[in-house]
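Asks: One structure is given below, represented as structure tokens, and several questions about it will come after.
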Amino acid sequence: MDFLTELKRVIARRDDYRCRRCGIELKQKAFERNIDHIIPRDLIAISEFWNLELLCIDCNEEKGSDLPSDFQERCIRAFFKSFNQKEGFIEEGTWKAGLREKEVWNIALRTIFRKHANYYQNELKKHYQDDYINRQKYGNNYRILVDLVRNLALKRKFKVSKVKKKKKSTEKLSQQLKKEANEAIKSLKNIFKPKEEKKEEKAIKAEQDLLLQYDRKFSSFLLSFAQNKHYSTVIKFWARYGNLTPRKDNEIPSANEILYNYLRMFEYLNNC
């Protein structure tokens, strides 16, 4: 059995031999298994395990090169299914009681697979020619774009450093006055304290803030990318994309909108 076929079996096993769209069982139907790129290669070529899932023939054809509306959830699920280190253990170093020999071997193989995941992914990238495709589409700085897409797909948070406010040199309040002022402010806050947001609302707000950060990240990288282009190229670019889906100031972009629109803009700017 060749290397790629074995990798496809690993992904099929990870997805429980079921199509991730319609749920049809494919364990005895090897010829109907398709390993699909969740974020299509028509947008950007990323052949990493978090971007691959098992689909049947019909679902694979129906999806085509479309970007799924739930691509983030699919990518995150594939990531945790691929790299969940606790699978098969009650606690570190302790096997689940009653495991069959076959199950033990499967867990052992998955452990070996995870240990060498980078090697396997590099082989996948070579097979699918990721570097070549991305360089043609986006130029030599495509790796920065791949990193941005990976972080967006997996909803990875940015580390925002806290900026310490400098104290005014003219400030001469005594420690006692500061303490009394802080206590007064605290008591006022308690009086007018708004109702605590629900957890779900907080989660939505956090996700919206993260999307806005990604929108700015992609935008700043696009602007720096454009600065290295000829003046006429930039003029053509803004003539084409200057009025692209304008948003209101308080409107939150969707992950699909960010990913699709920016990748198309990068591609055009690199090739026009």
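Chain identifiers are assigned as A, B, and so on, following the order in which chains appear in the structure tokens; residues are numbered from 1 within each chain, and ligands are numbered from 1 in order of appearance.
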Tell me which protein, DNA and RNA residues are within 7 Å of stretch 137-152 of chain A, counting only C-alpha atoms, leaving out same-chain ones fewer than 4 positions away, and put them as a PyMOL selection string.
Replies: chain A and resi 133+156+214+266-267+270
Asks: Find the residues near stretch 118-130 of chain A: any atom within 7 Å, counting only C-alpha atoms, skip ones fewer than 3 places away on the same chain, and give them as a list in words.
Replies: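 After dropping sequence-adjacent residues, the list is Ala45, Ile46, Ser47, Glu48, Ile133 and Asn134 of chain A.
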Asks: If I take atom CA of A:Glu251 and atom CA of A:Phe221, how far is one from the other in Å, to one decimal?
Replies: 21.2 Å
